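Source file: input.csv (CSV, C-alpha atoms)
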chain,number,residue,atom,x,y,z
A,1,MET,CA,63.7,-47.9,32.1
A,2,SER,CA,65.9,-44.8,32.2
A,3,ALA,CA,64.7,-41.3,31.0
A,4,HIS,CA,65.9,-39.7,27.8
A,5,ARG,CA,65.9,-36.0,26.8
A,6,LEU,CA,63.9,-35.1,23.7
A,7,ALA,CA,67.0,-33.4,22.3
A,8,ASP,CA,68.8,-36.8,22.5
A,9,ILE,CA,65.9,-38.5,20.7
A,10,VAL,CA,66.0,-36.0,17.9
A,11,ALA,CA,69.8,-36.1,17.6
A,12,ALA,CA,69.6,-39.9,17.2
A,13,LEU,CA,66.5,-40.2,15.0
A,14,GLY,CA,65.9,-36.8,13.4
A,15,GLY,CA,62.6,-35.0,13.1
A,16,GLU,CA,61.6,-31.4,13.8
A,17,LEU,CA,61.2,-30.7,17.5
A,18,HIS,CA,58.7,-28.0,18.7
A,19,GLY,CA,59.1,-27.6,22.5
A,20,ASP,CA,61.7,-28.1,25.2
A,21,GLY,CA,64.5,-30.3,24.2
A,22,GLN,CA,65.5,-30.8,27.8
A,23,LEU,CA,62.2,-32.5,28.7
A,24,ALA,CA,63.0,-35.9,30.2
A,25,ILE,CA,60.9,-38.7,28.7
A,26,ALA,CA,60.6,-41.8,30.9
A,27,ARG,CA,58.4,-44.0,28.7
A,28,ILE,CA,56.7,-44.5,25.3
A,29,ALA,CA,52.9,-44.7,25.8
A,30,PRO,CA,49.7,-44.8,23.9
A,31,LEU,CA,47.8,-41.6,23.3
A,32,ASP,CA,45.1,-42.4,25.9
A,33,ASN,CA,47.5,-43.6,28.6
A,34,ALA,CA,50.3,-41.0,28.4
A,35,ASP,CA,51.4,-38.6,31.1
A,36,ALA,CA,53.7,-35.6,31.2
A,37,ARG,CA,56.8,-37.7,31.1
A,38,SER,CA,55.6,-39.9,28.2
A,39,ILE,CA,56.1,-39.6,24.5
A,40,THR,CA,53.3,-40.9,22.2
A,41,PHE,CA,52.4,-40.8,18.5
A,42,LEU,CA,49.5,-40.0,16.2
A,43,ALA,CA,49.7,-42.4,13.2
A,44,HIS,CA,46.1,-42.1,11.8
A,45,ALA,CA,43.8,-39.0,11.5
A,46,ARG,CA,40.9,-41.1,12.8
A,47,HIS,CA,42.5,-40.8,16.3
A,48,ALA,CA,43.1,-37.1,16.1
A,49,ASP,CA,40.3,-36.4,18.6
A,50,LYS,CA,42.5,-38.0,21.3
A,51,LEU,CA,45.0,-35.2,21.0
A,52,ALA,CA,42.7,-32.9,23.1
A,53,SER,CA,42.7,-35.3,26.0
A,54,THR,CA,46.1,-36.9,26.0
A,55,GLY,CA,48.4,-36.0,28.9
A,56,ALA,CA,51.6,-36.7,26.9
A,57,GLY,CA,54.6,-34.5,27.3
A,58,CYS,CA,55.4,-35.0,23.6
A,59,VAL,CA,53.5,-36.3,20.6
A,60,ILE,CA,55.0,-37.6,17.4
A,61,VAL,CA,52.9,-36.2,14.6
A,62,GLY,CA,52.7,-35.4,10.9
A,63,PRO,CA,52.9,-31.7,9.8
A,64,ALA,CA,49.1,-31.4,9.6
A,65,SER,CA,48.7,-32.3,13.3
A,66,LEU,CA,51.2,-29.9,14.8
A,67,ARG,CA,48.8,-27.1,15.7
A,68,PRO,CA,46.4,-28.9,18.0
A,69,VAL,CA,49.4,-30.4,19.9
A,70,ARG,CA,51.1,-27.0,20.4
A,71,GLU,CA,47.7,-25.4,21.4
A,72,ARG,CA,47.5,-27.7,24.4
A,73,GLY,CA,51.1,-26.9,25.5
A,74,ALA,CA,52.7,-30.3,24.7
A,75,ALA,CA,55.9,-30.7,22.8
A,76,ALA,CA,55.6,-32.0,19.2
A,77,LEU,CA,58.1,-34.0,17.2
A,78,VAL,CA,57.1,-33.6,13.6
A,79,THR,CA,57.9,-36.2,10.9
A,80,ASP,CA,56.4,-37.3,7.6
A,81,ASP,CA,55.7,-40.8,8.9
A,82,PRO,CA,54.9,-40.8,12.7
A,83,TYR,CA,54.3,-44.6,12.8
A,84,LEU,CA,57.7,-45.3,11.2
A,85,TYR,CA,59.3,-42.9,13.6
A,86,TYR,CA,57.6,-44.6,16.5
A,87,ALA,CA,59.0,-48.0,15.3
A,88,ARG,CA,62.5,-46.6,15.2
A,89,LEU,CA,62.1,-45.0,18.5
A,90,THR,CA,61.2,-48.3,20.1
A,91,GLN,CA,64.4,-49.8,18.7
A,92,TRP,CA,66.6,-46.9,19.9
A,93,TRP,CA,64.9,-47.1,23.3
A,94,ARG,CA,65.5,-50.8,23.6
A,95,ARG,CA,69.2,-50.5,22.7
A,96,GLY,CA,69.6,-47.8,25.4
A,97,ASP,CA,68.1,-50.1,28.1
A,98,ALA,CA,69.8,-53.4,26.9
A,99,THR,CA,72.7,-54.9,28.8
A,100,PHE,CA,75.1,-56.9,26.8
A,101,VAL,CA,77.9,-58.8,28.5
A,102,ALA,CA,80.1,-60.9,26.2
A,103,GLY,CA,81.1,-64.4,27.3
A,104,ILE,CA,80.0,-68.0,27.9
A,105,HIS,CA,78.1,-68.9,31.0
A,106,PRO,CA,79.8,-71.6,33.1
A,107,SER,CA,76.9,-74.0,32.7
A,108,ALA,CA,76.9,-73.9,28.9
A,109,VAL,CA,78.2,-76.9,27.0
A,110,VAL,CA,80.3,-75.8,24.0
A,111,ASP,CA,82.0,-78.4,21.8
A,112,ALA,CA,85.7,-77.9,21.5
A,113,GLY,CA,85.2,-77.7,17.7
A,114,ALA,CA,82.7,-74.9,17.8
A,115,ARG,CA,83.7,-71.3,17.1
A,116,VAL,CA,82.2,-68.7,19.4
A,117,ASP,CA,83.2,-65.1,18.7
A,118,PRO,CA,84.7,-63.5,21.8
A,119,GLN,CA,82.1,-60.7,21.5
A,120,ALA,CA,79.1,-63.2,21.6
A,121,GLN,CA,77.0,-63.9,24.6
A,122,VAL,CA,76.1,-67.5,25.5
A,123,GLY,CA,73.6,-68.0,28.2
A,124,ALA,CA,73.0,-70.6,30.9
A,125,LEU,CA,72.5,-74.2,30.0
A,126,VAL,CA,73.1,-73.6,26.3
A,127,VAL,CA,74.4,-76.5,24.1
A,128,ILE,CA,76.5,-75.7,21.0
A,129,GLY,CA,77.6,-78.5,18.8
A,130,ALA,CA,80.7,-79.4,16.9
A,131,GLY,CA,81.6,-77.1,14.1
A,132,ALA,CA,78.9,-74.5,15.0
A,133,GLN,CA,79.8,-70.9,14.5
A,134,ILE,CA,78.4,-68.0,16.6
A,135,GLY,CA,79.1,-64.5,15.2
A,136,PRO,CA,80.1,-61.3,17.0
A,137,TYR,CA,77.5,-59.7,19.3
A,138,ALA,CA,75.1,-62.7,18.8
A,139,VAL,CA,73.1,-63.7,21.9
A,140,ILE,CA,72.3,-67.4,22.5
A,141,GLY,CA,69.7,-67.3,25.3
A,142,ALA,CA,69.3,-69.7,28.1
A,143,HIS,CA,68.4,-73.3,27.4
A,144,SER,CA,68.9,-72.9,23.6
A,145,SER,CA,70.6,-75.4,21.4
A,146,VAL,CA,72.8,-74.8,18.3
A,147,GLY,CA,73.4,-78.0,16.4
A,148,THR,CA,76.5,-79.4,14.7
A,149,GLU,CA,77.8,-77.1,11.9
A,150,ALA,CA,75.0,-74.6,12.4
A,151,GLN,CA,75.8,-70.9,12.0
A,152,ILE,CA,74.4,-67.9,13.8
A,153,GLY,CA,75.1,-64.5,12.3
A,154,ALA,CA,76.3,-61.3,13.9
A,155,HIS,CA,73.9,-59.4,16.2
A,156,THR,CA,71.3,-62.2,16.0
A,157,ARG,CA,69.5,-63.0,19.2
A,158,LEU,CA,68.1,-66.4,20.2
A,159,VAL,CA,65.9,-65.3,23.1
A,160,GLU,CA,65.4,-68.5,25.2
A,161,ARG,CA,64.7,-72.1,24.5
A,162,VAL,CA,65.4,-71.8,20.8
A,163,THR,CA,66.6,-74.9,18.8
A,164,VAL,CA,68.6,-74.5,15.7
A,165,GLY,CA,69.3,-77.9,14.1
A,166,GLU,CA,72.5,-79.2,12.5
A,167,ARG,CA,73.8,-77.3,9.4
A,168,CYS,CA,71.1,-74.7,9.6
A,169,THR,CA,72.1,-71.0,9.2
A,170,ILE,CA,70.7,-67.8,10.6
A,171,GLY,CA,71.8,-64.5,9.1
A,172,GLU,CA,72.6,-61.2,10.8
A,173,ARG,CA,70.4,-59.1,13.1
A,174,GLY,CA,67.8,-61.8,13.5
A,175,ILE,CA,65.5,-62.4,16.4
A,176,LEU,CA,64.2,-65.9,17.3
A,177,HIS,CA,61.7,-65.9,20.2
A,178,PRO,CA,61.2,-68.7,22.8
A,179,GLY,CA,60.2,-72.1,21.6
A,180,VAL,CA,61.3,-71.6,17.9
A,181,VAL,CA,62.5,-74.8,16.3
A,182,ILE,CA,64.6,-74.4,13.1
A,183,GLY,CA,65.5,-77.6,11.2
A,184,ALA,CA,63.3,-80.3,12.6
A,185,ASP,CA,62.6,-83.1,10.1
A,186,GLY,CA,60.1,-82.2,7.3
A,187,PHE,CA,57.0,-84.4,7.1
A,188,GLY,CA,58.2,-86.9,4.6
A,189,PHE,CA,56.9,-90.5,4.4
A,190,ALA,CA,56.5,-93.0,1.6
A,191,PRO,CA,53.4,-95.3,1.8
A,192,THR,CA,54.0,-99.0,1.6
A,193,GLN,CA,51.6,-101.9,2.4
A,194,GLY,CA,49.5,-99.9,4.8
A,195,ARG,CA,52.3,-98.2,6.7
A,196,TRP,CA,54.7,-95.3,6.3
A,197,GLU,CA,58.4,-95.5,5.5
A,198,LYS,CA,60.4,-92.5,6.7
A,199,ILE,CA,62.2,-90.3,4.1
A,200,GLU,CA,65.3,-88.9,5.8
A,201,GLN,CA,65.4,-85.2,5.5
A,202,LEU,CA,68.9,-84.4,4.2
A,203,GLY,CA,68.6,-80.7,3.6
A,204,ALA,CA,68.8,-77.8,6.0
A,205,VAL,CA,67.3,-74.4,6.6
A,206,ARG,CA,68.8,-71.1,5.4
A,207,ILE,CA,67.5,-67.9,7.0
A,208,GLY,CA,68.6,-64.5,5.7
A,209,ASP,CA,69.4,-61.2,7.5
A,210,ASP,CA,66.9,-59.2,9.6
A,211,VAL,CA,64.4,-62.0,10.0
A,212,GLU,CA,62.2,-62.2,13.1
A,213,ILE,CA,60.5,-65.4,14.1
A,214,GLY,CA,57.7,-65.5,16.7
A,215,ALA,CA,57.4,-67.9,19.7
A,216,ASN,CA,56.8,-71.6,19.0
A,217,THR,CA,57.1,-71.3,15.2
A,218,CYS,CA,58.6,-74.2,13.4
A,219,ILE,CA,60.6,-74.3,10.2
A,220,ASP,CA,61.3,-77.8,8.8
A,221,ARG,CA,64.6,-78.7,7.1
A,222,GLY,CA,64.4,-79.7,3.4
A,223,ALA,CA,64.2,-83.2,2.2
A,224,LEU,CA,67.1,-82.8,-0.3
A,225,GLY,CA,67.6,-79.1,-0.9
A,226,ASP,CA,67.2,-76.4,1.8
A,227,THR,CA,64.1,-74.6,3.2
A,228,VAL,CA,64.9,-70.9,2.5
A,229,ILE,CA,63.6,-67.8,4.4
A,230,GLU,CA,64.9,-64.7,2.6
A,231,ASP,CA,66.0,-61.3,4.1
A,232,GLY,CA,63.6,-59.3,6.1
A,233,VAL,CA,60.9,-61.9,6.5
A,234,LYS,CA,58.7,-61.5,9.6
A,235,LEU,CA,56.9,-64.6,11.1
A,236,ASP,CA,54.4,-64.4,13.9
A,237,ASN,CA,53.9,-67.0,16.7
A,238,LEU,CA,52.7,-70.6,16.1
A,239,ILE,CA,53.5,-70.8,12.4
A,240,GLN,CA,54.4,-74.0,10.6
A,241,ILE,CA,56.7,-73.8,7.5
A,242,GLY,CA,57.0,-77.2,5.7
A,243,HIS,CA,60.1,-78.7,4.1
A,244,ASN,CA,61.6,-77.1,1.0
A,245,VAL,CA,59.4,-74.0,1.2
A,246,ARG,CA,60.9,-70.7,0.0
A,247,ILE,CA,59.6,-67.4,1.4
A,248,GLY,CA,60.6,-64.3,-0.5
A,249,ALA,CA,62.2,-61.2,1.1
A,250,HIS,CA,60.1,-58.9,3.3
A,251,THR,CA,57.1,-61.2,3.4
A,252,ALA,CA,55.1,-61.1,6.7
A,253,MET,CA,52.9,-63.9,8.1
A,254,ALA,CA,50.5,-63.7,11.0
A,255,ALA,CA,50.0,-66.3,13.7
A,256,MET,CA,48.6,-69.8,13.2
A,257,SER,CA,49.2,-69.7,9.4
A,258,GLY,CA,50.8,-72.7,7.7
A,259,VAL,CA,52.6,-73.5,4.5
A,260,ALA,CA,52.9,-77.1,3.2
A,261,GLY,CA,56.1,-78.4,1.6
A,262,SER,CA,57.8,-77.2,-1.6
A,263,THR,CA,55.6,-74.1,-1.9
A,264,ARG,CA,57.3,-70.9,-3.1
A,265,ILE,CA,56.0,-67.5,-1.7
A,266,GLY,CA,57.1,-64.3,-3.4
A,267,ARG,CA,58.5,-61.1,-2.0
A,268,HIS,CA,56.6,-58.4,-0.1
A,269,CYS,CA,53.6,-60.7,0.5
A,270,THR,CA,51.3,-60.7,3.6
A,271,ILE,CA,49.5,-63.7,4.9
A,272,GLY,CA,46.8,-63.3,7.5
A,273,GLY,CA,46.3,-65.3,10.7
A,274,ALA,CA,45.2,-69.0,10.3
A,275,ALA,CA,45.6,-68.9,6.5
A,276,GLY,CA,46.7,-72.1,5.0
A,277,ILE,CA,48.7,-72.7,1.8
A,278,VAL,CA,48.9,-76.2,0.2
A,279,GLY,CA,52.1,-77.7,-1.0
A,280,HIS,CA,53.8,-77.4,-4.4
A,281,VAL,CA,52.2,-74.1,-5.4
A,282,GLU,CA,53.7,-70.7,-6.2
A,283,ILE,CA,52.6,-67.3,-4.9
A,284,ALA,CA,53.6,-64.2,-6.8
A,285,ASP,CA,55.2,-61.1,-5.4
A,286,HIS,CA,53.0,-58.6,-3.7
A,287,VAL,CA,50.2,-61.0,-2.9
A,288,HIS,CA,48.0,-60.3,0.2
A,289,ILE,CA,46.1,-63.3,1.6
A,290,ASP,CA,43.3,-62.6,4.2
A,291,ALA,CA,43.0,-64.4,7.5
A,292,ALA,CA,41.6,-68.0,7.4
A,293,THR,CA,41.9,-68.2,3.6
A,294,VAL,CA,42.9,-71.5,2.2
A,295,ILE,CA,45.1,-71.3,-0.9
A,296,SER,CA,44.8,-74.5,-2.9
A,297,ARG,CA,46.3,-73.4,-6.2
A,298,SER,CA,49.1,-71.1,-7.5
A,299,ILE,CA,48.6,-67.3,-7.5
A,300,ARG,CA,50.3,-65.7,-10.5
A,301,GLN,CA,49.1,-62.1,-10.2
A,302,PRO,CA,49.7,-59.6,-7.3
A,303,GLY,CA,46.6,-58.6,-5.4
A,304,ARG,CA,44.4,-59.4,-2.4
A,305,TYR,CA,42.9,-62.9,-2.1
A,306,SER,CA,40.3,-64.2,0.4
A,307,GLY,CA,37.7,-66.9,0.9
A,308,VAL,CA,36.6,-69.9,2.9
A,309,PHE,CA,34.5,-72.7,1.5
A,310,PRO,CA,32.5,-75.2,3.6
A,311,PHE,CA,34.0,-78.6,4.2
A,312,ASP,CA,32.3,-81.4,2.3
A,313,ASP,CA,32.8,-84.8,0.7
A,314,ASN,CA,35.5,-84.1,-1.9
A,315,ALA,CA,33.4,-85.0,-5.0
A,316,ALA,CA,30.5,-82.9,-3.8
A,317,TRP,CA,32.9,-80.1,-2.8
A,318,GLU,CA,34.5,-79.9,-6.3
A,319,LYS,CA,31.0,-79.8,-8.0
A,320,ASN,CA,29.8,-77.1,-5.7
A,321,ALA,CA,33.0,-75.1,-6.1
A,322,ALA,CA,32.7,-75.3,-9.9
A,323,THR,CA,29.1,-74.1,-9.7
A,324,LEU,CA,30.0,-71.3,-7.3
A,325,ARG,CA,32.6,-70.0,-9.7
A,326,GLN,CA,29.9,-69.6,-12.4
A,327,LEU,CA,27.4,-67.7,-10.2
A,328,HIS,CA,28.5,-64.3,-11.3
A,329,ALA,CA,28.1,-65.1,-15.0
A,330,LEU,CA,24.7,-66.8,-14.3
A,331,ARG,CA,23.6,-63.7,-12.5
A,332,GLU,CA,24.5,-61.4,-15.4
A,333,ARG,CA,22.7,-63.7,-17.9
A,334,LEU,CA,19.6,-63.7,-15.6
A,335,ARG,CA,19.7,-59.9,-15.5
A,336,ALA,CA,19.9,-59.7,-19.3
A,337,LEU,CA,16.9,-62.0,-19.6
A,338,GLU,CA,14.9,-59.9,-17.1
A,339,LYS,CA,15.6,-56.8,-19.1
A,340,LYS,CA,14.2,-58.4,-22.2
A,341,SER,CA,11.1,-59.7,-20.6
Would you mind writing the file's structure down as C-alpha cells?
Amino acid sequence: MSAHRLADIVAALGGELHGDGQLAIARIAPLDNADARSITFLAHARHADKLASTGAGCVIVGPASLRPVRERGAAALVTDDPYLYYARLTQWWRRGDATFVAGIHPSAVVDAGARVDPQAQVGALVVIGAGAQIGPYAVIGAHSSVGTEAQIGAHTRLVERVTVGERCTIGERGILHPGVVIGADGFGFAPTQGRWEKIEQLGAVRIGDDVEIGANTCIDRGALGDTVIEDGVKLDNLIQIGHNVRIGAHTAMAAMSGVAGSTRIGRHCTIGGAAGIVGHVEIADHVHIDAATVISRSIRQPGRYSGVFPFDDNAAWEKNAATLRQLHALRERLRALEKKS
C-alpha cells in the first residue's frame, strides 16, 4: 500500500486535525498494533486505556479523547463518530490503492448480443450471455458467469467465481464475493404418489443498489414473482435466501442464517448468525433477531427477539411450548399465594 499524508485524508474526509498534516501514513492499524506510520481509531470508551500504550502516529478520536492523545505526542483526528470515520477511511484508502483497467480479457466469452459498457472490466474466463447488460465501471471478476438478459449496474463488483442467473438484476455499487450464486432455482416440488414433481422457477432475483453479499451465499430465484433484495442490504457469508423472499432496505444478516421461501423481512433489521426464519411469515421493520434464534411465526412489532427451544416430537414440543409460555403467569400466581399464606 502507498502512504498518504494526514492533510490529504482530512481534505478528502473532513475532521479536525491536531498535529502535523505532512505526516505520511502507510497503513490503518488497530490500537494495540500500530506504529509511528499508522493511523488507528478509538471507537469505544472502554478501550481508552490503550491510548497510553499505542504507538500510532495518528488516532481518530471523539472530542472527549483528544487530550490523552495529544499528551503522548501523537496526532489526533477529531470527529463526532470515530467508527464511521474509520469506515469511510477504509473505503477511501481502498480506492486509492485499487487499479482499474477497462476492457474484456481475451479469454472471456461474451455473446454478441450482450452489451458491455466500454468502461467496464471483464476478467479472465468470464462468460456473459445473450442480452446481458454490464454497466460502466462494473467489474466482472475471473471465472464469473452472467446469464442471459441479466443486468449488472454501474460500479458493481463481482469479485471472482460469482454466478448471476438469467434475467437477474444487480443494482449499482454492489459487491458480490467469491462463490455467490444469484438466481439458482428455488426449492419448489409438488408431492405426488411418494415422489416429488419439480415446479419450474419462472421468476428472477432483483437486487438493489449498495448491496454487499458475502462468500458462498445463495439467493434463489422466485417461483413466479421475483426474489427481492432492497437497497443497502448487507449479507454475510454462507447465507441461504429462499425463493420469493423480500428483504427490506438496510437490513443486515450474519453468517449461516437462512430464510425460507415467501418470507418478508422489513427494513433496518438485523439477523444474528445461524438464525433461521421459516417460510411465509412477515418480520416488521427494526426487528433485531439474536444468533441461533428460530423464528416460526410473524413478528409485528419492532424490538429484539431471541430464543432456542429443545428439539422434540412435534406433539410433545407444542405442549411444552404452550406450557413454557404460561410459566411467567404461573410464577406470579404462586407469589401471590405465598404472600397470602
(request) Tell me, in Å to one decimal, how far atom CA of A:Ala321 is from atom CA of A:Val287. (result)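 About the pair atom CA of A:Ala321 and atom CA of A:Val287: they are 22.5 Å apart.
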Within 10 Å of stretch 135-141 of chain A, counting all atoms listed in the file, which residues show up once you throw out same-chain ones fewer than 4 positions away? Write them as a CSV table (one decimal) with C-alpha atoms, in the coordinates of the input, please.
chain,number,residue,atom,x,y,z
A,100,PHE,CA,75.1,-56.9,26.8
A,101,VAL,CA,77.9,-58.8,28.5
A,102,ALA,CA,80.1,-60.9,26.2
A,103,GLY,CA,81.1,-64.4,27.3
A,104,ILE,CA,80.0,-68.0,27.9
A,115,ARG,CA,83.7,-71.3,17.1
A,116,VAL,CA,82.2,-68.7,19.4
A,117,ASP,CA,83.2,-65.1,18.7
A,118,PRO,CA,84.7,-63.5,21.8
A,119,GLN,CA,82.1,-60.7,21.5
A,120,ALA,CA,79.1,-63.2,21.6
A,121,GLN,CA,77.0,-63.9,24.6
A,122,VAL,CA,76.1,-67.5,25.5
A,123,GLY,CA,73.6,-68.0,28.2
A,124,ALA,CA,73.0,-70.6,30.9
A,125,LEU,CA,72.5,-74.2,30.0
A,126,VAL,CA,73.1,-73.6,26.3
A,127,VAL,CA,74.4,-76.5,24.1
A,128,ILE,CA,76.5,-75.7,21.0
A,145,SER,CA,70.6,-75.4,21.4
A,146,VAL,CA,72.8,-74.8,18.3
A,151,GLN,CA,75.8,-70.9,12.0
A,152,ILE,CA,74.4,-67.9,13.8
A,153,GLY,CA,75.1,-64.5,12.3
A,154,ALA,CA,76.3,-61.3,13.9
A,155,HIS,CA,73.9,-59.4,16.2
A,156,THR,CA,71.3,-62.2,16.0
A,157,ARG,CA,69.5,-63.0,19.2
A,158,LEU,CA,68.1,-66.4,20.2
A,159,VAL,CA,65.9,-65.3,23.1
A,160,GLU,CA,65.4,-68.5,25.2
A,161,ARG,CA,64.7,-72.1,24.5
A,162,VAL,CA,65.4,-71.8,20.8
A,171,GLY,CA,71.8,-64.5,9.1
A,172,GLU,CA,72.6,-61.2,10.8
A,173,ARG,CA,70.4,-59.1,13.1
A,174,GLY,CA,67.8,-61.8,13.5
A,175,ILE,CA,65.5,-62.4,16.4
A,176,LEU,CA,64.2,-65.9,17.3
A,177,HIS,CA,61.7,-65.9,20.2
A,178,PRO,CA,61.2,-68.7,22.8
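With distances restricted to all atoms listed in the file, A:Ile271 is the closest residue to A:Gly303 from A:Glu332, A:His250, A:Ile271, A:Leu238.
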(message) What does the structure give for the distance between atom CA of A:Thr323 and atom CA of A:Ser296, in Å to one decimal?
(response) 17.1 Å
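Nearest residue to A:Tyr86 among A:Ile199, A:Ala108, A:Ala34, A:Ile9 is A:Ile9, counting only C-alpha atoms.
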(request) Have a look at atom CA of A:Tyr85 and atom CA of A:Ala291 and let me know their distance in Å, one decimal. (result)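 About the pair atom CA of A:Tyr85 and atom CA of A:Ala291: they are 27.7 Å apart.
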(request) Name the residues, using the chain letters and numbers of the file, that sit within 10 Å of (48.3, -35.8, 24.8) when counting only C-alpha atoms, and give them as a ChimeraX atom specification. (result) /A:30-36,38-42,50-59,68-69,72-76
(request) Compile the contact shell of A:Ala43 as a list of chain:residue names: residues with an atom at most 10 Å away, counting all atoms listed in the file, same-chain residues fewer than 4 positions apart removed. (result)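 The filter keeps A:His47, A:Ala48, A:Ile60, A:Val61, A:Gly62, A:Asp81, A:Pro82, A:Tyr83, A:Leu84, A:Tyr85, A:Tyr86.
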Could you write those residues out with C-alpha atoms, as a compact mmCIF listing (two decimals), in the coordinates of the input?
# COMPACT_ATOMS: atom_id res chain seq x y z
CA HIS A 47 42.50 -40.80 16.30
CA ALA A 48 43.10 -37.10 16.10
CA ILE A 60 55.00 -37.60 17.40
CA VAL A 61 52.90 -36.20 14.60
CA GLY A 62 52.70 -35.40 10.90
CA ASP A 81 55.70 -40.80 8.90
CA PRO A 82 54.90 -40.80 12.70
CA TYR A 83 54.30 -44.60 12.80
CA LEU A 84 57.70 -45.30 11.20
CA TYR A 85 59.30 -42.90 13.60
CA TYR A 86 57.60 -44.60 16.50
(message) Ranking A:Cys168, A:Ala336, A:Ala274, A:Cys269 by minimum distance to A:Gly222 and counting all atoms listed in the file, which one comes first?
(response)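 Ranked by minimum distance to A:Gly222, first place goes to A:Cys168.
Comparing A:Lys198, A:Arg167, A:Arg297, A:Arg70 by their smallest distance to A:Thr227, the closest is A:Arg167 (using only C-alpha atoms).
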